[in-house]
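In what follows, a single structure is set out as structure tokens and then discussed.
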Amino acid sequence: MKPSGVSEHLRSEADRFPTNPGVYLFRDESGRVLYVGKARSLRARVKNYFREVGDGRATVEFLIARARSIDYVVTGTEQEALILENNLIKKHRPRYNVVFKDDKSYVHLRLDAKHPFPRLTVVRRPRRDGATYFGPFASAGSVRQTLRTLGRIFPMRTCTDADFASRTRPCLYYYIQRCPGPCVGRIEVSEYAETVKRVTMFLKGRSQDLLKTLRDKMELQAAERRYEEAARIRDQLFALQSVVERQRISSPQRAERDVFATHHHNEQLVIQLLTVRDGQVSGAETFYFDSAVQATTEHLASFLNQYYQSGAPIPEEVLVSEEIPDSAALAALLSERAKRSVSIAVPQRGERVTLVELAKKNASVAFAEGRGNDRNREILDDLQELLSLENYPRRIECFDISNIQGTRAVASGVTFIDGEPAKSSYRKFRIRTVQGADDYAMMREVLERRVSRGMKEGDLPDLLIVDGGRGQLNVAIDVISRLGADAVEVVGMAKVREESGRKIRGQERIYLPERPEPLLLDGQSQALYLLERVRDEAHRFANTYHRQLRTRAMGESKLDGVPGIGTVLKRRLLQEFGSLERLRRADVDMIAAVPGMSRRRAQALKDALG
């Protein structure tokens, strides 16, 4: 416990705080921010922490025990305090705040209406570029399933703008009725625009409006004796009704709603989100937090503030499982951002209560299941202790460089969350600025790109691993310090090659920032096994990417320009023969046997390869 003299000093500081709205920051003895909070009255709010009966939160004592000073920033309004609180949490990532992180890499669908024949594309981050964005979706898998569904009901083009501009004949998607063929003039702009309008209605959750539009259109076409068109719309109508019925829940009201519920035990908090659009639960997401020492309602309020300021779509109504402080100020801020009225409510009766209870049940189940199994949590606890980490290493990222004497240098970044691979968060990097075999410079470039993006998006790992020894670790420390990402902890990891002339198996050298000698973890350590898994996965991912680039470059350099050999055939030939050398040694009959090849093409290829 903190000495009473320090506590009295903090109490006296709070007595001098102003009564204005604003933001307060608890700091530890090194000046690091422990907690950021907002208040309608700074003095009244902070003094609550030092009442004789306590703050009503048993775990607040852990925060007070570590605090050595309290700062504050006065704002003009409560809405300004909400904005500032969000910015400070993103900047400092305080230990005792729930910090919203995009762990599951939300994806959106982008529709660029400026093109006469727009297409839907999957993007990670919406931009202010005039396009229309739909989402966020819980995963890349869910958004691709949505695209497949839409492609069957409302065919749209999927090719890139470059392919669209250069194509002279329809592609395969046209012949299987997944594309109307706008690239070769098989559909008018006005008819394509009608398809885009229907897709937009579906993605905005206006399924019932879309069904009515299709029924009216079908009846009109039938009345005008355009029976073929009426039958086509009928098929779309039946397919869409099937999709809507699979998604529907018992929710007769059609308001846009986000439903939030919590499960809080000790310092662990689960927040469950259900997204309701047009009477349907169209999405669900679970968020996990450690070190949640404040009241559940205060953490929930802070989370909602961060969540909606991160760019998430703002619905007409936000339902919560418990009353949150300063809900009126947050509702006013959301209304201002959405340019329409937004309400925040704790429902008392009716189907809205059913939705909240469903969210509560999901939060409870998610908490019981944990983030991975109990064994993984034990391993991560051991890892935190072994490496003397300040933060629980829930999100671990590892970076590795792959090149052959500096040629076609690439890097990988793999992510493990709760001890398991999060493959949707894996990243590939091409080295842009480094010439020659300079691994340190390559690692610096990759980390600068990753950390800079993470600082902008508020999405950084708890633990960053670099594949290498002291040199790579020093590069990582320099990058993190220079970019101000001080909350990220970093270690280096290198294999033990030999000792006293003999190889050592089952041991790794772990390089820590403030430890002059590397740490050797025993081969039986489960924490070491996890680190090895992460490092080996980064190594595998980097090598796979490097091999893909080499194969692609090999194929492009030798097979390009051969008459009749396109991208698909190049891929088939390389897959069939394994290498360009084997392809060169093959006779014409063997090459002609590859699907899609003819004897004339095979002979042209043999002549080109010499």
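Scheme for the structure tokens: letters A, B, ... for chains in order shown; per-chain residue numbers from 1; ligand numbers from 1 in order shown.
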Give me, as a ChimeraX atom specification, all polymer residues having an atom no more than 7 Å from range 302-306 of chain A, counting only C-alpha atoms and skipping those fewer than 3 positions away in the same chain. /A:82,86,98,100,298-299,309-310
Do you know which residues are at most 10 Å from Val196 in chain A counting only C-alpha atoms, after dropping those on the same chain fewer than 5 positions away, and could you put them as a VMD selection string? chain A and resid 111 113 117 to 120 154 to 156 190 to 191 201 to 202
Can you spit out the residues from that selection as a PDB file, in the first residue's frame, using N, CA, C and O atoms?
```pdb
ATOM      1  N   LEU A 111     -17.826   1.179 -51.696  1.00  0.00           N
ATOM      2  CA  LEU A 111     -18.496   1.328 -52.981  1.00  0.00           C
ATOM      3  C   LEU A 111     -18.187   2.721 -53.516  1.00  0.00           C
ATOM      4  O   LEU A 111     -18.602   3.722 -52.925  1.00  0.00           O
ATOM      5  N   ALA A 113     -19.040   5.268 -55.932  1.00  0.00           N
ATOM      6  CA  ALA A 113     -20.115   5.613 -56.851  1.00  0.00           C
ATOM      7  C   ALA A 113     -19.656   6.539 -57.977  1.00  0.00           C
ATOM      8  O   ALA A 113     -20.428   6.812 -58.907  1.00  0.00           O
ATOM      9  N   PHE A 117     -19.602   2.061 -63.373  1.00  0.00           N
ATOM     10  CA  PHE A 117     -19.928   0.684 -63.009  1.00  0.00           C
ATOM     11  C   PHE A 117     -19.138   0.323 -61.749  1.00  0.00           C
ATOM     12  O   PHE A 117     -18.126  -0.386 -61.805  1.00  0.00           O
ATOM     13  N   PRO A 118     -19.555   0.808 -60.578  1.00  0.00           N
ATOM     14  CA  PRO A 118     -18.774   0.601 -59.350  1.00  0.00           C
ATOM     15  C   PRO A 118     -18.792  -0.861 -58.910  1.00  0.00           C
ATOM     16  O   PRO A 118     -19.667  -1.644 -59.285  1.00  0.00           O
ATOM     17  N   ARG A 119     -17.796  -1.203 -58.110  1.00  0.00           N
ATOM     18  CA  ARG A 119     -17.705  -2.541 -57.532  1.00  0.00           C
ATOM     19  C   ARG A 119     -17.535  -2.424 -56.032  1.00  0.00           C
ATOM     20  O   ARG A 119     -17.142  -1.365 -55.504  1.00  0.00           O
ATOM     21  N   LEU A 120     -17.820  -3.503 -55.327  1.00  0.00           N
ATOM     22  CA  LEU A 120     -17.603  -3.571 -53.891  1.00  0.00           C
ATOM     23  C   LEU A 120     -16.206  -4.126 -53.624  1.00  0.00           C
ATOM     24  O   LEU A 120     -15.821  -5.154 -54.181  1.00  0.00           O
ATOM     25  N   PHE A 154     -27.564 -10.252 -56.726  1.00  0.00           N
ATOM     26  CA  PHE A 154     -27.411  -9.030 -57.505  1.00  0.00           C
ATOM     27  C   PHE A 154     -26.002  -9.003 -58.109  1.00  0.00           C
ATOM     28  O   PHE A 154     -25.080  -8.453 -57.509  1.00  0.00           O
ATOM     29  N   PRO A 155     -25.809  -9.588 -59.280  1.00  0.00           N
ATOM     30  CA  PRO A 155     -24.462  -9.651 -59.863  1.00  0.00           C
ATOM     31  C   PRO A 155     -23.878  -8.263 -60.140  1.00  0.00           C
ATOM     32  O   PRO A 155     -24.538  -7.396 -60.715  1.00  0.00           O
ATOM     33  N   MET A 156     -22.647  -8.053 -59.701  1.00  0.00           N
ATOM     34  CA  MET A 156     -21.889  -6.831 -59.975  1.00  0.00           C
ATOM     35  C   MET A 156     -20.477  -7.242 -60.375  1.00  0.00           C
ATOM     36  O   MET A 156     -20.040  -8.361 -60.097  1.00  0.00           O
ATOM     37  N   SER A 190     -27.699   2.681 -66.673  1.00  0.00           N
ATOM     38  CA  SER A 190     -28.908   2.861 -65.854  1.00  0.00           C
ATOM     39  C   SER A 190     -29.351   1.558 -65.209  1.00  0.00           C
ATOM     40  O   SER A 190     -29.776   1.536 -64.045  1.00  0.00           O
ATOM     41  N   GLU A 191     -29.251   0.444 -65.943  1.00  0.00           N
ATOM     42  CA  GLU A 191     -29.638  -0.848 -65.380  1.00  0.00           C
ATOM     43  C   GLU A 191     -28.663  -1.282 -64.291  1.00  0.00           C
ATOM     44  O   GLU A 191     -29.062  -1.827 -63.248  1.00  0.00           O
ATOM     45  N   MET A 201     -29.262  -0.785 -50.547  1.00  0.00           N
ATOM     46  CA  MET A 201     -30.383  -0.955 -49.609  1.00  0.00           C
ATOM     47  C   MET A 201     -30.158  -2.174 -48.721  1.00  0.00           C
ATOM     48  O   MET A 201     -30.391  -2.127 -47.509  1.00  0.00           O
ATOM     49  N   PHE A 202     -29.679  -3.260 -49.316  1.00  0.00           N
ATOM     50  CA  PHE A 202     -29.442  -4.479 -48.536  1.00  0.00           C
ATOM     51  C   PHE A 202     -28.365  -4.250 -47.482  1.00  0.00           C
ATOM     52  O   PHE A 202     -28.532  -4.617 -46.315  1.00  0.00           O
TER      53      PHE A 202
END
```
From the DSSP assignment of the backbone, select every residue of range 9-187 of chain A that is strand (DSSP E or B), and format the answer as a PyMOL selection string. chain A and resi 22-27+33-39+69-74+107-111+120-123+132-137
Just C-alpha atoms for this one: save the residues we selected as an mmCIF file, in the first residue's frame.
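Writing the result to out-v1.cif gives the following:
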```
data_model
loop_
_atom_site.group_PDB
_atom_site.id
_atom_site.type_symbol
_atom_site.label_atom_id
_atom_site.label_comp_id
_atom_site.auth_asym_id
_atom_site.auth_seq_id
_atom_site.Cartn_x
_atom_site.Cartn_y
_atom_site.Cartn_z
ATOM 1 C CA GLY A 22 -12.640 18.332 -17.782
ATOM 2 C CA VAL A 23 -10.283 15.372 -17.746
ATOM 3 C CA TYR A 24 -8.056 14.114 -14.921
ATOM 4 C CA LEU A 25 -4.955 11.896 -15.092
ATOM 5 C CA PHE A 26 -3.466 9.725 -12.334
ATOM 6 C CA ARG A 27 0.310 9.310 -12.759
ATOM 7 C CA VAL A 33 -0.284 7.851 -16.897
ATOM 8 C CA LEU A 34 -2.148 5.169 -14.943
ATOM 9 C CA TYR A 35 -5.735 6.264 -15.566
ATOM 10 C CA VAL A 36 -7.616 8.913 -17.531
ATOM 11 C CA GLY A 37 -11.107 9.934 -16.499
ATOM 12 C CA LYS A 38 -13.625 12.626 -17.389
ATOM 13 C CA ALA A 39 -15.816 14.612 -15.039
ATOM 14 C CA SER A 69 0.270 12.809 -8.705
ATOM 15 C CA ILE A 70 -2.956 13.913 -10.385
ATOM 16 C CA ASP A 71 -3.135 16.303 -13.335
ATOM 17 C CA TYR A 72 -6.208 17.828 -14.903
ATOM 18 C CA VAL A 73 -7.248 19.640 -18.063
ATOM 19 C CA VAL A 74 -10.276 21.934 -17.986
ATOM 20 C CA VAL A 107 -13.237 -4.850 -42.408
ATOM 21 C CA HIS A 108 -15.614 -2.670 -44.413
ATOM 22 C CA LEU A 109 -17.113 -2.802 -47.867
ATOM 23 C CA ARG A 110 -16.323 0.179 -50.075
ATOM 24 C CA LEU A 111 -18.496 1.328 -52.981
ATOM 25 C CA LEU A 120 -17.603 -3.571 -53.891
ATOM 26 C CA THR A 121 -14.127 -3.906 -52.382
ATOM 27 C CA VAL A 122 -12.950 -5.046 -48.955
ATOM 28 C CA VAL A 123 -10.956 -2.419 -47.033
ATOM 29 C CA THR A 132 -19.733 4.842 -49.480
ATOM 30 C CA TYR A 133 -18.613 2.429 -46.749
ATOM 31 C CA PHE A 134 -20.600 -0.381 -45.148
ATOM 32 C CA GLY A 135 -19.658 -2.127 -41.916
ATOM 33 C CA PRO A 136 -17.732 -2.771 -39.805
ATOM 34 C CA PHE A 137 -17.963 -6.525 -40.222
#
```
Point-to-point distance from CA of Arg377 in chain A to CA of His265 in chain A, Å rounded to tenths: 15.6 Å
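Residues lying within 12 Å of Ser388 in chain A, counting only C-alpha atoms and ignoring same-chain neighbours fewer than 2 positions away, are Leu380, Asp381, Asp382, Leu383, Gln384, Glu385, Leu386, Glu390, Asn391, Tyr392, Pro393, Leu463, Glu489, Val490, Val491, Leu512, Pro513, Glu514, Arg515 and Leu519 of chain A.
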Near Leu464 in chain A, counting only C-alpha atoms, which residues have an atom at most 10 Å away, once you skip same-chain residues fewer than 6 positions from it, shown as a list in words? Pro393, Arg395, Ile396, Glu397, Cys398, Phe399, Gly413, Thr415, Leu447, Leu473, Ala476, Val488, Glu489, Val490, Val491 and Gly492 of chain A
With DSSP run on the backbone, what are the helix (DSSP H, G or I) residues within range 149-284 of chain A? I'd like them as a PyMOL selection string. chain A and resi 149-153+161-166+172-175+182-184+189-203+207-223+227-247
Tell me which protein, DNA and RNA residues are within 8 Å of range 561-569 of chain A, counting only C-alpha atoms, leaving out same-chain ones fewer than 6 positions away, and put them as a PyMOL selection string. chain A and resi 596-597+601+604-605+608
Those same residues, written as an mmCIF file, in the first residue's frame with all heavy atoms?
```cif
data_model
loop_
_atom_site.group_PDB
_atom_site.id
_atom_site.type_symbol
_atom_site.label_atom_id
_atom_site.label_comp_id
_atom_site.auth_asym_id
_atom_site.auth_seq_id
_atom_site.Cartn_x
_atom_site.Cartn_y
_atom_site.Cartn_z
ATOM 1 N N GLY A 596 -5.837 -26.430 -70.397
ATOM 2 C CA GLY A 596 -5.818 -25.096 -70.979
ATOM 3 C C GLY A 596 -4.759 -24.913 -72.045
ATOM 4 O O GLY A 596 -4.785 -23.932 -72.800
ATOM 5 N N MET A 597 -3.799 -25.838 -72.102
ATOM 6 C CA MET A 597 -2.740 -25.745 -73.104
ATOM 7 C C MET A 597 -3.144 -26.505 -74.379
ATOM 8 O O MET A 597 -3.900 -27.476 -74.319
ATOM 9 C CB MET A 597 -1.433 -26.323 -72.569
ATOM 10 C CG MET A 597 -0.767 -25.484 -71.495
ATOM 11 S SD MET A 597 -0.166 -23.899 -72.104
ATOM 12 C CE MET A 597 1.194 -24.436 -73.141
ATOM 13 N N ARG A 601 0.328 -23.901 -78.491
ATOM 14 C CA ARG A 601 0.855 -23.079 -77.391
ATOM 15 C C ARG A 601 2.086 -23.737 -76.773
ATOM 16 O O ARG A 601 3.050 -23.066 -76.404
ATOM 17 C CB ARG A 601 -0.215 -22.875 -76.323
ATOM 18 C CG ARG A 601 -1.330 -21.919 -76.720
ATOM 19 C CD ARG A 601 -2.370 -21.856 -75.620
ATOM 20 N NE ARG A 601 -3.429 -20.915 -75.933
ATOM 21 C CZ ARG A 601 -4.537 -20.790 -75.209
ATOM 22 N NH1 ARG A 601 -4.709 -21.550 -74.147
ATOM 23 N NH2 ARG A 601 -5.459 -19.907 -75.557
ATOM 24 N N ALA A 604 5.042 -23.107 -78.934
ATOM 25 C CA ALA A 604 5.481 -21.712 -78.815
ATOM 26 C C ALA A 604 6.244 -21.495 -77.518
ATOM 27 O O ALA A 604 7.248 -20.766 -77.465
ATOM 28 C CB ALA A 604 4.277 -20.773 -78.891
ATOM 29 N N LEU A 605 5.784 -22.171 -76.454
ATOM 30 C CA LEU A 605 6.463 -22.043 -75.162
ATOM 31 C C LEU A 605 7.855 -22.683 -75.221
ATOM 32 O O LEU A 605 8.834 -22.107 -74.722
ATOM 33 C CB LEU A 605 5.618 -22.709 -74.078
ATOM 34 C CG LEU A 605 6.205 -22.710 -72.663
ATOM 35 C CD1 LEU A 605 6.467 -21.291 -72.188
ATOM 36 C CD2 LEU A 605 5.267 -23.426 -71.699
ATOM 37 N N ALA A 608 10.171 -20.419 -76.975
ATOM 38 C CA ALA A 608 10.529 -19.229 -76.190
ATOM 39 C C ALA A 608 11.546 -19.558 -75.108
ATOM 40 O O ALA A 608 12.438 -18.757 -74.793
ATOM 41 C CB ALA A 608 9.283 -18.612 -75.567
#
```
Given the choices A:Leu609, A:Asp467, A:Asp326, A:Glu508, which gets closest to Glu581 in chain A if the distance is worked out from only C-alpha atoms?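 Selected residue with least distance to Glu581 in chain A: A:Leu609.
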Record the distance separating CA of Pro21 in chain A and CA of Ile344 in chain A, expressed in Å with one decimal. 20.7 Å
For range 292-297 of chain A, list every protein, DNA or RNA residue within 12 Å, evaluated using only C-alpha atoms, and leave out those in the same chain fewer than 6 positions away; present the list as a PDB file with N, CA and C atoms, in the first residue's frame.
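This is the output file around-v5.pdb:
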```
ATOM      1  N   LEU A  34      -1.511   6.403 -15.388  1.00  0.00           N
ATOM      2  CA  LEU A  34      -2.148   5.169 -14.943  1.00  0.00           C
ATOM      3  C   LEU A  34      -3.614   5.099 -15.339  1.00  0.00           C
ATOM      4  N   TYR A  35      -4.296   6.252 -15.297  1.00  0.00           N
ATOM      5  CA  TYR A  35      -5.735   6.264 -15.566  1.00  0.00           C
ATOM      6  C   TYR A  35      -6.148   7.647 -16.045  1.00  0.00           C
ATOM      7  N   VAL A  36      -7.031   7.664 -17.034  1.00  0.00           N
ATOM      8  CA  VAL A  36      -7.616   8.913 -17.531  1.00  0.00           C
ATOM      9  C   VAL A  36      -9.114   8.841 -17.319  1.00  0.00           C
ATOM     10  N   GLY A  37      -9.665   9.880 -16.710  1.00  0.00           N
ATOM     11  CA  GLY A  37     -11.107   9.934 -16.499  1.00  0.00           C
ATOM     12  C   GLY A  37     -11.660  11.293 -16.875  1.00  0.00           C
ATOM     13  N   TYR A  49     -12.472   9.650  -4.892  1.00  0.00           N
ATOM     14  CA  TYR A  49     -11.487   8.596  -4.758  1.00  0.00           C
ATOM     15  C   TYR A  49     -10.917   8.520  -3.334  1.00  0.00           C
ATOM     16  N   ASP A  55     -14.397   4.596  -2.854  1.00  0.00           N
ATOM     17  CA  ASP A  55     -15.066   5.036  -4.076  1.00  0.00           C
ATOM     18  C   ASP A  55     -16.151   4.069  -4.521  1.00  0.00           C
ATOM     19  N   GLY A  56     -16.468   3.077  -3.670  1.00  0.00           N
ATOM     20  CA  GLY A  56     -17.463   2.100  -4.056  1.00  0.00           C
ATOM     21  C   GLY A  56     -16.911   1.015  -4.959  1.00  0.00           C
ATOM     22  N   ARG A  57     -15.625   1.006  -5.182  1.00  0.00           N
ATOM     23  CA  ARG A  57     -14.990   0.026  -6.054  1.00  0.00           C
ATOM     24  C   ARG A  57     -13.788  -0.537  -5.309  1.00  0.00           C
ATOM     25  N   ALA A  58     -13.885  -1.800  -4.949  1.00  0.00           N
ATOM     26  CA  ALA A  58     -12.849  -2.392  -4.094  1.00  0.00           C
ATOM     27  C   ALA A  58     -11.475  -2.346  -4.743  1.00  0.00           C
ATOM     28  N   THR A  59     -11.426  -2.443  -6.061  1.00  0.00           N
ATOM     29  CA  THR A  59     -10.136  -2.525  -6.737  1.00  0.00           C
ATOM     30  C   THR A  59      -9.508  -1.172  -7.006  1.00  0.00           C
ATOM     31  N   VAL A  60     -10.211  -0.073  -6.693  1.00  0.00           N
ATOM     32  CA  VAL A  60      -9.634   1.253  -6.908  1.00  0.00           C
ATOM     33  C   VAL A  60      -8.384   1.440  -6.056  1.00  0.00           C
ATOM     34  N   GLU A  61      -8.291   0.699  -4.940  1.00  0.00           N
ATOM     35  CA  GLU A  61      -7.121   0.837  -4.066  1.00  0.00           C
ATOM     36  C   GLU A  61      -5.829   0.516  -4.814  1.00  0.00           C
ATOM     37  N   PHE A  62      -5.901  -0.356  -5.823  1.00  0.00           N
ATOM     38  CA  PHE A  62      -4.698  -0.663  -6.596  1.00  0.00           C
ATOM     39  C   PHE A  62      -4.246   0.548  -7.410  1.00  0.00           C
ATOM     40  N   LEU A  63      -5.210   1.307  -7.914  1.00  0.00           N
ATOM     41  CA  LEU A  63      -4.879   2.525  -8.644  1.00  0.00           C
ATOM     42  C   LEU A  63      -4.303   3.570  -7.698  1.00  0.00           C
ATOM     43  N   ILE A  64      -4.977   3.807  -6.579  1.00  0.00           N
ATOM     44  CA  ILE A  64      -4.517   4.819  -5.608  1.00  0.00           C
ATOM     45  C   ILE A  64      -3.149   4.444  -5.043  1.00  0.00           C
ATOM     46  N   PRO A  94      -3.402   3.981 -20.861  1.00  0.00           N
ATOM     47  CA  PRO A  94      -3.183   3.782 -19.423  1.00  0.00           C
ATOM     48  C   PRO A  94      -3.540   2.366 -18.972  1.00  0.00           C
ATOM     49  N   ARG A  95      -2.815   1.928 -17.967  1.00  0.00           N
ATOM     50  CA  ARG A  95      -2.966   0.555 -17.496  1.00  0.00           C
ATOM     51  C   ARG A  95      -4.371   0.271 -16.979  1.00  0.00           C
ATOM     52  N   TYR A  96      -5.007   1.242 -16.306  1.00  0.00           N
ATOM     53  CA  TYR A  96      -6.278   0.988 -15.635  1.00  0.00           C
ATOM     54  C   TYR A  96      -7.491   1.504 -16.414  1.00  0.00           C
ATOM     55  N   ASN A  97      -7.303   1.911 -17.640  1.00  0.00           N
ATOM     56  CA  ASN A  97      -8.427   2.188 -18.530  1.00  0.00           C
ATOM     57  C   ASN A  97      -8.714   0.954 -19.380  1.00  0.00           C
ATOM     58  N   VAL A  98      -9.959   0.827 -19.807  1.00  0.00           N
ATOM     59  CA  VAL A  98     -10.231  -0.137 -20.867  1.00  0.00           C
ATOM     60  C   VAL A  98      -9.884   0.577 -22.167  1.00  0.00           C
ATOM     61  N   VAL A  99      -8.918   0.039 -22.890  1.00  0.00           N
ATOM     62  CA  VAL A  99      -8.429   0.686 -24.105  1.00  0.00           C
ATOM     63  C   VAL A  99      -8.979  -0.070 -25.298  1.00  0.00           C
ATOM     64  N   PHE A 260     -25.376  -3.125 -25.888  1.00  0.00           N
ATOM     65  CA  PHE A 260     -24.152  -3.425 -25.139  1.00  0.00           C
ATOM     66  C   PHE A 260     -24.516  -4.004 -23.768  1.00  0.00           C
ATOM     67  N   ALA A 261     -23.811  -5.064 -23.393  1.00  0.00           N
ATOM     68  CA  ALA A 261     -23.961  -5.634 -22.053  1.00  0.00           C
ATOM     69  C   ALA A 261     -22.583  -6.047 -21.556  1.00  0.00           C
ATOM     70  N   THR A 262     -22.452  -6.192 -20.237  1.00  0.00           N
ATOM     71  CA  THR A 262     -21.141  -6.456 -19.638  1.00  0.00           C
ATOM     72  C   THR A 262     -21.176  -7.670 -18.716  1.00  0.00           C
ATOM     73  N   HIS A 263     -19.994  -8.219 -18.488  1.00  0.00           N
ATOM     74  CA  HIS A 263     -19.768  -9.201 -17.431  1.00  0.00           C
ATOM     75  C   HIS A 263     -18.433  -8.833 -16.800  1.00  0.00           C
ATOM     76  N   HIS A 264     -18.442  -8.494 -15.523  1.00  0.00           N
ATOM     77  CA  HIS A 264     -17.270  -7.952 -14.840  1.00  0.00           C
ATOM     78  C   HIS A 264     -16.987  -8.801 -13.612  1.00  0.00           C
ATOM     79  N   HIS A 265     -15.755  -9.340 -13.520  1.00  0.00           N
ATOM     80  CA  HIS A 265     -15.353 -10.128 -12.363  1.00  0.00           C
ATOM     81  C   HIS A 265     -13.914  -9.775 -12.014  1.00  0.00           C
ATOM     82  N   ASN A 266     -13.711  -9.337 -10.765  1.00  0.00           N
ATOM     83  CA  ASN A 266     -12.396  -8.861 -10.331  1.00  0.00           C
ATOM     84  C   ASN A 266     -11.904  -7.788 -11.312  1.00  0.00           C
ATOM     85  N   GLU A 267     -10.745  -7.994 -11.940  1.00  0.00           N
ATOM     86  CA  GLU A 267     -10.237  -6.996 -12.877  1.00  0.00           C
ATOM     87  C   GLU A 267     -10.490  -7.374 -14.340  1.00  0.00           C
ATOM     88  N   GLN A 268     -11.270  -8.406 -14.557  1.00  0.00           N
ATOM     89  CA  GLN A 268     -11.540  -8.861 -15.924  1.00  0.00           C
ATOM     90  C   GLN A 268     -12.937  -8.418 -16.349  1.00  0.00           C
ATOM     91  N   LEU A 269     -13.010  -7.850 -17.560  1.00  0.00           N
ATOM     92  CA  LEU A 269     -14.261  -7.293 -18.055  1.00  0.00           C
ATOM     93  C   LEU A 269     -14.513  -7.776 -19.481  1.00  0.00           C
ATOM     94  N   VAL A 270     -15.742  -8.194 -19.724  1.00  0.00           N
ATOM     95  CA  VAL A 270     -16.196  -8.543 -21.075  1.00  0.00           C
ATOM     96  C   VAL A 270     -17.321  -7.596 -21.454  1.00  0.00           C
ATOM     97  N   ILE A 271     -17.222  -6.985 -22.623  1.00  0.00           N
ATOM     98  CA  ILE A 271     -18.296  -6.154 -23.164  1.00  0.00           C
ATOM     99  C   ILE A 271     -18.791  -6.816 -24.440  1.00  0.00           C
ATOM    100  N   PHE A 303     -15.664   3.025 -22.769  1.00  0.00           N
ATOM    101  CA  PHE A 303     -15.580   2.179 -23.971  1.00  0.00           C
ATOM    102  C   PHE A 303     -16.470   2.717 -25.085  1.00  0.00           C
ATOM    103  N   LEU A 304     -17.711   3.070 -24.752  1.00  0.00           N
ATOM    104  CA  LEU A 304     -18.626   3.597 -25.775  1.00  0.00           C
ATOM    105  C   LEU A 304     -18.052   4.857 -26.410  1.00  0.00           C
ATOM    106  N   VAL A 320     -28.009  -0.098 -23.358  1.00  0.00           N
ATOM    107  CA  VAL A 320     -26.963  -0.557 -22.442  1.00  0.00           C
ATOM    108  C   VAL A 320     -27.594  -1.321 -21.295  1.00  0.00           C
ATOM    109  N   SER A 321     -26.802  -2.209 -20.706  1.00  0.00           N
ATOM    110  CA  SER A 321     -27.329  -3.070 -19.655  1.00  0.00           C
ATOM    111  C   SER A 321     -27.397  -2.381 -18.305  1.00  0.00           C
ATOM    112  N   GLU A 322     -26.684  -1.247 -18.155  1.00  0.00           N
ATOM    113  CA  GLU A 322     -26.748  -0.490 -16.900  1.00  0.00           C
ATOM    114  C   GLU A 322     -26.559   0.992 -17.197  1.00  0.00           C
ATOM    115  N   GLU A 323     -27.074   1.800 -16.311  1.00  0.00           N
ATOM    116  CA  GLU A 323     -26.984   3.248 -16.484  1.00  0.00           C
ATOM    117  C   GLU A 323     -25.526   3.687 -16.418  1.00  0.00           C
ATOM    118  N   ILE A 324     -25.098   4.490 -17.390  1.00  0.00           N
ATOM    119  CA  ILE A 324     -23.713   4.943 -17.422  1.00  0.00           C
ATOM    120  C   ILE A 324     -23.646   6.410 -17.021  1.00  0.00           C
ATOM    121  N   PRO A 325     -22.546   6.836 -16.400  1.00  0.00           N
ATOM    122  CA  PRO A 325     -22.430   8.244 -16.012  1.00  0.00           C
ATOM    123  C   PRO A 325     -22.331   9.147 -17.235  1.00  0.00           C
ATOM    124  N   ASP A 326     -22.913  10.331 -17.110  1.00  0.00           N
ATOM    125  CA  ASP A 326     -22.836  11.360 -18.154  1.00  0.00           C
ATOM    126  C   ASP A 326     -23.355  10.850 -19.501  1.00  0.00           C
ATOM    127  N   SER A 327     -24.424  10.039 -19.452  1.00  0.00           N
ATOM    128  CA  SER A 327     -24.971   9.497 -20.697  1.00  0.00           C
ATOM    129  C   SER A 327     -25.550  10.595 -21.580  1.00  0.00           C
ATOM    130  N   VAL A 346     -31.341   2.521 -20.924  1.00  0.00           N
ATOM    131  CA  VAL A 346     -31.412   1.213 -20.276  1.00  0.00           C
ATOM    132  C   VAL A 346     -32.864   0.761 -20.374  1.00  0.00           C
TER     133      VAL A 346
END
```
Any idea what's packed within 12 Å of Arg352 in chain A, counting only C-alpha atoms, ignoring anything in its chain fewer than 2 positions away? Could you give it as JSON, numbers by chain? {"A": [250, 251, 252, 253, 254, 255, 256, 257, 258, 259, 260, 274, 276, 279, 317, 318, 319, 320, 321, 345, 346, 347, 348, 349, 350, 354, 355, 356, 357, 358, 359]}
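Here CA of Leu10 in chain A stands at a distance of 14.4 Å from CA of Gly31 in chain A.
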